[in-house]
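Colleague: Just passing along the structure, written as structure tokens.
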Amino acid sequence: NNRIGACGIAGQARLLPVKINQGATLNFDSATLAAAIRYASSRAQVINLSLTVAEQTQTVAEAIDSALAAGVVVVAAAGNGGGAVAFPASYPGIIAVSSVDESGRLVSSANRGPQVAVLAPGVRLVSTRLGGGSGTIADGTSYAAPLVSGTVAQLLAVDSRLDRDRVRSAMIAAGDSVNDASGSYIRLNSGKAVVSLLPDLVPSGRSFLGGSTDALALAYTLPLYAGPVDLYVAIDTPAGSFCLLPSGQWSDPVQSGYVPFVQTYSRANAAAGP
């Protein structure tokens with residue numbers, strides 16, 4: 001986030017744009033879409049489909065099945081018009097995305113239904129523009145879906161072992177409830193979903209040390225993890241906030257900033273200590 005234009009979800013993710021439309025139009029055929037899905041499924045971990053098809057075709061369905069079988073997470077826009085979820089978002093195994101407005105309410109023109117896994121912002125989004133620069137682009141679920149795809153990329157960066165069901169569950173568990181006449185939905189909380197996967201220090205015992213130190217000893221364990229990630233330890237006290245340095249000393253984060261207590265923690269080096 002350089003405070004210029006838009007701020008994305010997964011800034012370190014690599015993008016693989018695949019053009020399927022004919023010329024500068026919005027027209028494409030099922031064969032081209034299926035070929036694009038097959039092409040991406042051998043090169044990407046996440047496929048974003050910001051499009052809808054009037055009718056389900058066997059060609060596209062088989063391409064989606066192939067991508068899902070390869071372990072690719074497929075995210076698709078539910079479509080616009082206020083009706084039922086459109087294909088391919090309605091297809092089993094796909095993470096279907098509808099949209100909310102600035103108030104967090106389901107957009108009236110967004111498609112809805114039980115296939116929707118999560119809602120994401122889809123009104124007055126700012127993004128980069130063809131030819132350079134950035135600005136406000138059109139509304140719709142096609143712009144909500146990439147926010148979910150970016151979140152999936154972040155989740156997989158934290159733990160590459162996650163399959164699509166665990167990815168979906170992580171976003172649903174971390175999201176916020178949105179009720180609508182058509183049903184109950186979950187609004188995306190990207191940051192909370194990612195943080196929910198990070199390992200925590202697990203206290204296993206504590207005792208006050210007597211004498212002049214007047215210190216608190218806390219035994220901890222760090223669970224096995226796919227990592228690598230950096231871990232920070234901090235406490236809030238009546239005297240202020242403090243972070244734990246790798247040396248075992250406490251530091252004032254206002255003066256020195258937060259410092260990782262453990263760097264590149266991963267499954268290979270689970271730890272425990274006082």
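Here's how to read the names in the structure tokens: chain A, B, ... by the order shown, residue numbers from 1 in each chain, ligand numbers from 1 in the order shown.
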For the interface of range 6-73 of chain A with range 164-186 of chain A (cut-off 9 Å, counting only C-alpha atoms), please tabulate each contacting residue of range 6-73 of chain A alongside its nearest pair of atoms and their separation in Å to one decimal, rows sorted by chain and increasing number, as a tab-separated table.
Modeller:
```
residue	atom	partner	partner_atom	distance
A:Leu68	CA	A:Arg164	CA	8.5
A:Gly71	CA	A:Arg164	CA	7.5
A:Val72	CA	A:Arg164	CA	7.7
A:Val73	CA	A:Arg164	CA	5.5
```
Colleague: Neighbours of Tyr258 in chain A within 9 Å (only C-alpha atoms; same-chain residues fewer than 2 positions away dropped), as a PyMOL selection string?
Modeller: chain A and resi 232-234+242-245+251-254+256+260
Colleague: Quick one: everything within 7 Å of range 7-13 of chain A, counting only C-alpha atoms, minus sequence neighbours fewer than 3 positions away in the same chain. Send it as a list of chain:residue names.
Modeller: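 So, after excluding close chain neighbours, the residues are A:Asn1, A:Leu147, A:Gly150, A:Thr151, A:Ala153, A:Gln154.
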Colleague: Can you write just those residues out, all heavy atoms, as a PDB file, in the first residue's frame?
Modeller:
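Printed below is out.pdb as written:
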```pdb
ATOM      1  N   ASN A   1       0.853  -1.195   0.000  1.00  0.00           N
ATOM      2  CA  ASN A   1       0.000   0.000   0.000  1.00  0.00           C
ATOM      3  C   ASN A   1       0.884   1.239   0.000  1.00  0.00           C
ATOM      4  O   ASN A   1       1.472   1.605   1.003  1.00  0.00           O
ATOM      5  CB  ASN A   1      -0.908  -0.017   1.231  1.00  0.00           C
ATOM      6  CG  ASN A   1      -1.802   1.199   1.295  1.00  0.00           C
ATOM      7  OD1 ASN A   1      -1.912   1.962   0.326  1.00  0.00           O
ATOM      8  ND2 ASN A   1      -2.454   1.419   2.435  1.00  0.00           N
ATOM      9  N   LEU A 147     -11.621  -9.858  -4.800  1.00  0.00           N
ATOM     10  CA  LEU A 147     -11.259  -9.622  -3.408  1.00  0.00           C
ATOM     11  C   LEU A 147     -11.231 -10.940  -2.635  1.00  0.00           C
ATOM     12  O   LEU A 147     -10.386 -11.156  -1.760  1.00  0.00           O
ATOM     13  CB  LEU A 147     -12.246  -8.646  -2.759  1.00  0.00           C
ATOM     14  CG  LEU A 147     -12.283  -7.234  -3.353  1.00  0.00           C
ATOM     15  CD1 LEU A 147     -13.336  -6.390  -2.646  1.00  0.00           C
ATOM     16  CD2 LEU A 147     -10.919  -6.571  -3.242  1.00  0.00           C
ATOM     17  N   GLY A 150      -8.134 -12.878  -3.876  1.00  0.00           N
ATOM     18  CA  GLY A 150      -6.943 -12.378  -3.212  1.00  0.00           C
ATOM     19  C   GLY A 150      -6.822 -12.900  -1.795  1.00  0.00           C
ATOM     20  O   GLY A 150      -5.722 -13.228  -1.325  1.00  0.00           O
ATOM     21  N   THR A 151      -7.953 -12.998  -1.104  1.00  0.00           N
ATOM     22  CA  THR A 151      -7.950 -13.546   0.256  1.00  0.00           C
ATOM     23  C   THR A 151      -7.554 -15.011   0.232  1.00  0.00           C
ATOM     24  O   THR A 151      -6.787 -15.473   1.083  1.00  0.00           O
ATOM     25  CB  THR A 151      -9.341 -13.382   0.894  1.00  0.00           C
ATOM     26  OG1 THR A 151      -9.680 -11.991   0.948  1.00  0.00           O
ATOM     27  CG2 THR A 151      -9.360 -13.956   2.307  1.00  0.00           C
ATOM     28  N   ALA A 153      -5.597 -16.389  -1.910  1.00  0.00           N
ATOM     29  CA  ALA A 153      -4.157 -16.399  -2.151  1.00  0.00           C
ATOM     30  C   ALA A 153      -3.393 -16.162  -0.852  1.00  0.00           C
ATOM     31  O   ALA A 153      -2.365 -16.808  -0.592  1.00  0.00           O
ATOM     32  CB  ALA A 153      -3.785 -15.342  -3.183  1.00  0.00           C
ATOM     33  N   GLN A 154      -3.892 -15.250  -0.028  1.00  0.00           N
ATOM     34  CA  GLN A 154      -3.250 -14.996   1.259  1.00  0.00           C
ATOM     35  C   GLN A 154      -3.330 -16.217   2.178  1.00  0.00           C
ATOM     36  O   GLN A 154      -2.355 -16.568   2.861  1.00  0.00           O
ATOM     37  CB  GLN A 154      -3.909 -13.803   1.940  1.00  0.00           C
ATOM     38  CG  GLN A 154      -3.497 -12.448   1.375  1.00  0.00           C
ATOM     39  CD  GLN A 154      -3.971 -11.317   2.250  1.00  0.00           C
ATOM     40  OE1 GLN A 154      -5.133 -11.283   2.658  1.00  0.00           O
ATOM     41  NE2 GLN A 154      -3.094 -10.384   2.553  1.00  0.00           N
TER      42      GLN A 154
END
```
Colleague: Would you work out the distance separating CA of Lys19 in chain A from CA of Gln58 in chain A, expressed in Å to one decimal?
Modeller: 20.8 Å
Colleague: List the spatial neighbours of Glu62 in chain A as a list of chain:residue names - criterion: any atom at most 12 Å away, only C-alpha atoms, same-chain residues fewer than 6 positions off excluded.
Modeller: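 The filter keeps A:Ser30, A:Ala31, A:Leu33, A:Ala34, A:Ala35, A:Ile37, A:Arg38, A:Gln56, A:Leu68, A:Ala69, A:Pro88, A:Tyr91, A:Pro92.
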Colleague: Using only N, CA, C and O atoms, please write the residues we just selected to a file, as a PDB file, in the first residue's frame.
Modeller:
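Okay, this is what ended up in out_15.pdb:
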```
ATOM      1  N   SER A  30     -18.024 -20.832 -25.059  1.00  0.00           N
ATOM      2  CA  SER A  30     -17.736 -21.823 -24.021  1.00  0.00           C
ATOM      3  C   SER A  30     -16.427 -22.550 -24.272  1.00  0.00           C
ATOM      4  O   SER A  30     -15.695 -22.876 -23.326  1.00  0.00           O
ATOM      5  N   ALA A  31     -16.115 -22.819 -25.517  1.00  0.00           N
ATOM      6  CA  ALA A  31     -14.891 -23.545 -25.832  1.00  0.00           C
ATOM      7  C   ALA A  31     -13.658 -22.743 -25.407  1.00  0.00           C
ATOM      8  O   ALA A  31     -12.704 -23.299 -24.854  1.00  0.00           O
ATOM      9  N   LEU A  33     -13.595 -20.361 -23.078  1.00  0.00           N
ATOM     10  CA  LEU A  33     -13.590 -20.296 -21.617  1.00  0.00           C
ATOM     11  C   LEU A  33     -13.032 -21.601 -21.030  1.00  0.00           C
ATOM     12  O   LEU A  33     -12.199 -21.575 -20.118  1.00  0.00           O
ATOM     13  N   ALA A  34     -13.470 -22.729 -21.545  1.00  0.00           N
ATOM     14  CA  ALA A  34     -12.996 -24.019 -21.055  1.00  0.00           C
ATOM     15  C   ALA A  34     -11.493 -24.164 -21.275  1.00  0.00           C
ATOM     16  O   ALA A  34     -10.757 -24.649 -20.400  1.00  0.00           O
ATOM     17  N   ALA A  35     -11.012 -23.734 -22.442  1.00  0.00           N
ATOM     18  CA  ALA A  35      -9.584 -23.819 -22.734  1.00  0.00           C
ATOM     19  C   ALA A  35      -8.785 -22.940 -21.773  1.00  0.00           C
ATOM     20  O   ALA A  35      -7.694 -23.314 -21.322  1.00  0.00           O
ATOM     21  N   ILE A  37      -9.640 -22.102 -18.687  1.00  0.00           N
ATOM     22  CA  ILE A  37      -9.650 -22.730 -17.363  1.00  0.00           C
ATOM     23  C   ILE A  37      -8.625 -23.859 -17.311  1.00  0.00           C
ATOM     24  O   ILE A  37      -7.876 -23.991 -16.329  1.00  0.00           O
ATOM     25  N   ARG A  38      -8.578 -24.659 -18.352  1.00  0.00           N
ATOM     26  CA  ARG A  38      -7.598 -25.750 -18.385  1.00  0.00           C
ATOM     27  C   ARG A  38      -6.168 -25.209 -18.405  1.00  0.00           C
ATOM     28  O   ARG A  38      -5.265 -25.762 -17.756  1.00  0.00           O
ATOM     29  N   GLN A  56     -25.368 -23.561 -18.501  1.00  0.00           N
ATOM     30  CA  GLN A  56     -24.261 -24.461 -18.181  1.00  0.00           C
ATOM     31  C   GLN A  56     -23.960 -25.330 -19.393  1.00  0.00           C
ATOM     32  O   GLN A  56     -24.861 -25.860 -20.039  1.00  0.00           O
ATOM     33  N   LEU A  68     -10.685 -28.417 -10.299  1.00  0.00           N
ATOM     34  CA  LEU A  68     -10.955 -28.787  -8.907  1.00  0.00           C
ATOM     35  C   LEU A  68     -10.218 -30.064  -8.529  1.00  0.00           C
ATOM     36  O   LEU A  68      -9.681 -30.184  -7.423  1.00  0.00           O
ATOM     37  N   ALA A  69     -10.174 -31.014  -9.443  1.00  0.00           N
ATOM     38  CA  ALA A  69      -9.475 -32.264  -9.185  1.00  0.00           C
ATOM     39  C   ALA A  69      -7.978 -32.045  -9.013  1.00  0.00           C
ATOM     40  O   ALA A  69      -7.303 -32.807  -8.307  1.00  0.00           O
ATOM     41  N   PRO A  88     -20.815 -19.848 -14.060  1.00  0.00           N
ATOM     42  CA  PRO A  88     -20.337 -21.053 -13.379  1.00  0.00           C
ATOM     43  C   PRO A  88     -20.322 -20.987 -11.843  1.00  0.00           C
ATOM     44  O   PRO A  88     -19.956 -21.973 -11.200  1.00  0.00           O
ATOM     45  N   TYR A  91     -21.963 -23.762  -9.924  1.00  0.00           N
ATOM     46  CA  TYR A  91     -21.471 -25.124 -10.096  1.00  0.00           C
ATOM     47  C   TYR A  91     -20.874 -25.646  -8.784  1.00  0.00           C
ATOM     48  O   TYR A  91     -20.182 -24.910  -8.076  1.00  0.00           O
ATOM     49  N   PRO A  92     -21.140 -26.905  -8.427  1.00  0.00           N
ATOM     50  CA  PRO A  92     -20.606 -27.472  -7.170  1.00  0.00           C
ATOM     51  C   PRO A  92     -19.088 -27.371  -7.093  1.00  0.00           C
ATOM     52  O   PRO A  92     -18.393 -27.634  -8.079  1.00  0.00           O
TER      53      PRO A  92
END
```
Colleague: Please extract the residues of range 21-119 of chain A with a backbone DSSP assignment of strand (DSSP E) and present them as a list in words.
Modeller: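 Checking each residue of range 21-119 of chain A, the strand (DSSP E) ones are Val46, Ile47, Asn48, Leu49, Val73, Val74, Val75, Ala76, Ala77, Ile95, Ala96, Val97, Ser98, Ser99, Val100, Val116, Ala117, Val118 and Leu119 of chain A.
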Colleague: Write to file, as an mmCIF file, in the first residue's frame, the residues of the selection just made, with C-alpha atoms.
Modeller:
```
data_model
loop_
_atom_site.group_PDB
_atom_site.id
_atom_site.type_symbol
_atom_site.label_atom_id
_atom_site.label_comp_id
_atom_site.auth_asym_id
_atom_site.auth_seq_id
_atom_site.Cartn_x
_atom_site.Cartn_y
_atom_site.Cartn_z
ATOM 1 C CA VAL A 46 -6.487 -19.861 -7.616
ATOM 2 C CA ILE A 47 -8.716 -19.169 -10.611
ATOM 3 C CA ASN A 48 -10.977 -16.110 -10.576
ATOM 4 C CA LEU A 49 -13.973 -16.160 -12.924
ATOM 5 C CA VAL A 73 -9.482 -23.148 -5.783
ATOM 6 C CA VAL A 74 -12.014 -21.665 -8.207
ATOM 7 C CA VAL A 75 -13.794 -18.433 -7.287
ATOM 8 C CA ALA A 76 -16.625 -17.036 -9.417
ATOM 9 C CA ALA A 77 -18.914 -14.008 -9.480
ATOM 10 C CA ILE A 95 -16.683 -20.484 -4.204
ATOM 11 C CA ALA A 96 -19.521 -18.212 -5.340
ATOM 12 C CA VAL A 97 -19.271 -14.513 -4.482
ATOM 13 C CA SER A 98 -22.020 -11.914 -4.306
ATOM 14 C CA SER A 99 -21.591 -8.263 -3.342
ATOM 15 C CA VAL A 100 -22.297 -5.733 -0.606
ATOM 16 C CA VAL A 116 -23.207 -17.997 -2.310
ATOM 17 C CA ALA A 117 -20.256 -18.722 -0.010
ATOM 18 C CA VAL A 118 -19.279 -15.174 0.860
ATOM 19 C CA LEU A 119 -20.077 -11.528 0.139
#
```
Colleague: Counting only C-alpha atoms, which residue out of A:Ser50, A:Thr57, A:Gln45, A:Ser134 sits closest to Gly122 in chain A?
Modeller: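 For Gly122 in chain A, the nearest of the candidates is A:Ser50.
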Colleague: Figure out the distance between CA of Ala54 in chain A and CA of Val148 in chain A, please, to one decimal in Å.
Modeller: 23.0 Å
Colleague: Tell me, as a PyMOL selection string, which residues lie within 8 Å of Ala86 in chain A, counting only C-alpha atoms; anything in the same chain fewer than 4 positions away does not count.
Modeller: chain A and resi 52-54+78-79+90+111
Colleague: Okay, now the selection with all heavy atoms, as an mmCIF file, in the first residue's frame?
Modeller:
```
data_model
loop_
_atom_site.group_PDB
_atom_site.id
_atom_site.type_symbol
_atom_site.label_atom_id
_atom_site.label_comp_id
_atom_site.auth_asym_id
_atom_site.auth_seq_id
_atom_site.Cartn_x
_atom_site.Cartn_y
_atom_site.Cartn_z
ATOM 1 N N THR A 52 -20.196 -14.604 -16.199
ATOM 2 C CA THR A 52 -21.307 -15.549 -16.114
ATOM 3 C C THR A 52 -21.618 -16.081 -17.506
ATOM 4 O O THR A 52 -21.296 -15.451 -18.516
ATOM 5 C CB THR A 52 -22.582 -14.893 -15.541
ATOM 6 O OG1 THR A 52 -22.972 -13.796 -16.386
ATOM 7 C CG2 THR A 52 -22.345 -14.376 -14.130
ATOM 8 N N VAL A 53 -22.241 -17.255 -17.540
ATOM 9 C CA VAL A 53 -22.637 -17.885 -18.797
ATOM 10 C C VAL A 53 -24.139 -18.140 -18.723
ATOM 11 O O VAL A 53 -24.649 -18.574 -17.684
ATOM 12 C CB VAL A 53 -21.877 -19.207 -19.018
ATOM 13 C CG1 VAL A 53 -22.335 -19.886 -20.300
ATOM 14 C CG2 VAL A 53 -20.379 -18.960 -19.058
ATOM 15 N N ALA A 54 -24.834 -17.857 -19.798
ATOM 16 C CA ALA A 54 -26.298 -17.966 -19.798
ATOM 17 C C ALA A 54 -26.762 -19.367 -19.437
ATOM 18 O O ALA A 54 -27.724 -19.546 -18.687
ATOM 19 C CB ALA A 54 -26.851 -17.551 -21.156
ATOM 20 N N ALA A 78 -21.196 -14.276 -8.670
ATOM 21 C CA ALA A 78 -22.558 -14.811 -8.697
ATOM 22 C C ALA A 78 -23.388 -14.225 -9.824
ATOM 23 O O ALA A 78 -24.369 -14.826 -10.265
ATOM 24 C CB ALA A 78 -23.243 -14.557 -7.359
ATOM 25 N N GLY A 79 -22.997 -13.033 -10.286
ATOM 26 C CA GLY A 79 -23.745 -12.382 -11.348
ATOM 27 C C GLY A 79 -24.620 -11.256 -10.827
ATOM 28 O O GLY A 79 -24.821 -11.103 -9.622
ATOM 29 N N SER A 90 -22.644 -21.148 -9.823
ATOM 30 C CA SER A 90 -23.610 -22.094 -9.261
ATOM 31 C C SER A 90 -23.109 -23.528 -9.297
ATOM 32 O O SER A 90 -23.748 -24.423 -8.743
ATOM 33 C CB SER A 90 -24.923 -22.006 -10.042
ATOM 34 O OG SER A 90 -24.722 -22.312 -11.421
ATOM 35 N N ASN A 111 -26.880 -11.073 -7.609
ATOM 36 C CA ASN A 111 -27.537 -12.370 -7.538
ATOM 37 C C ASN A 111 -27.311 -12.994 -6.169
ATOM 38 O O ASN A 111 -26.318 -12.722 -5.500
ATOM 39 C CB ASN A 111 -27.009 -13.299 -8.633
ATOM 40 C CG ASN A 111 -27.504 -12.910 -10.012
ATOM 41 O OD1 ASN A 111 -28.360 -12.029 -10.154
ATOM 42 N ND2 ASN A 111 -26.966 -13.547 -11.036
#
```
Colleague: Could you tell me how far CA of Ala138 in chain A lies from CA of Val123 in chain A, in Å and to one decimal?
Modeller: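 CA of Val123 in chain A lies 7.5 Å from CA of Ala138 in chain A.
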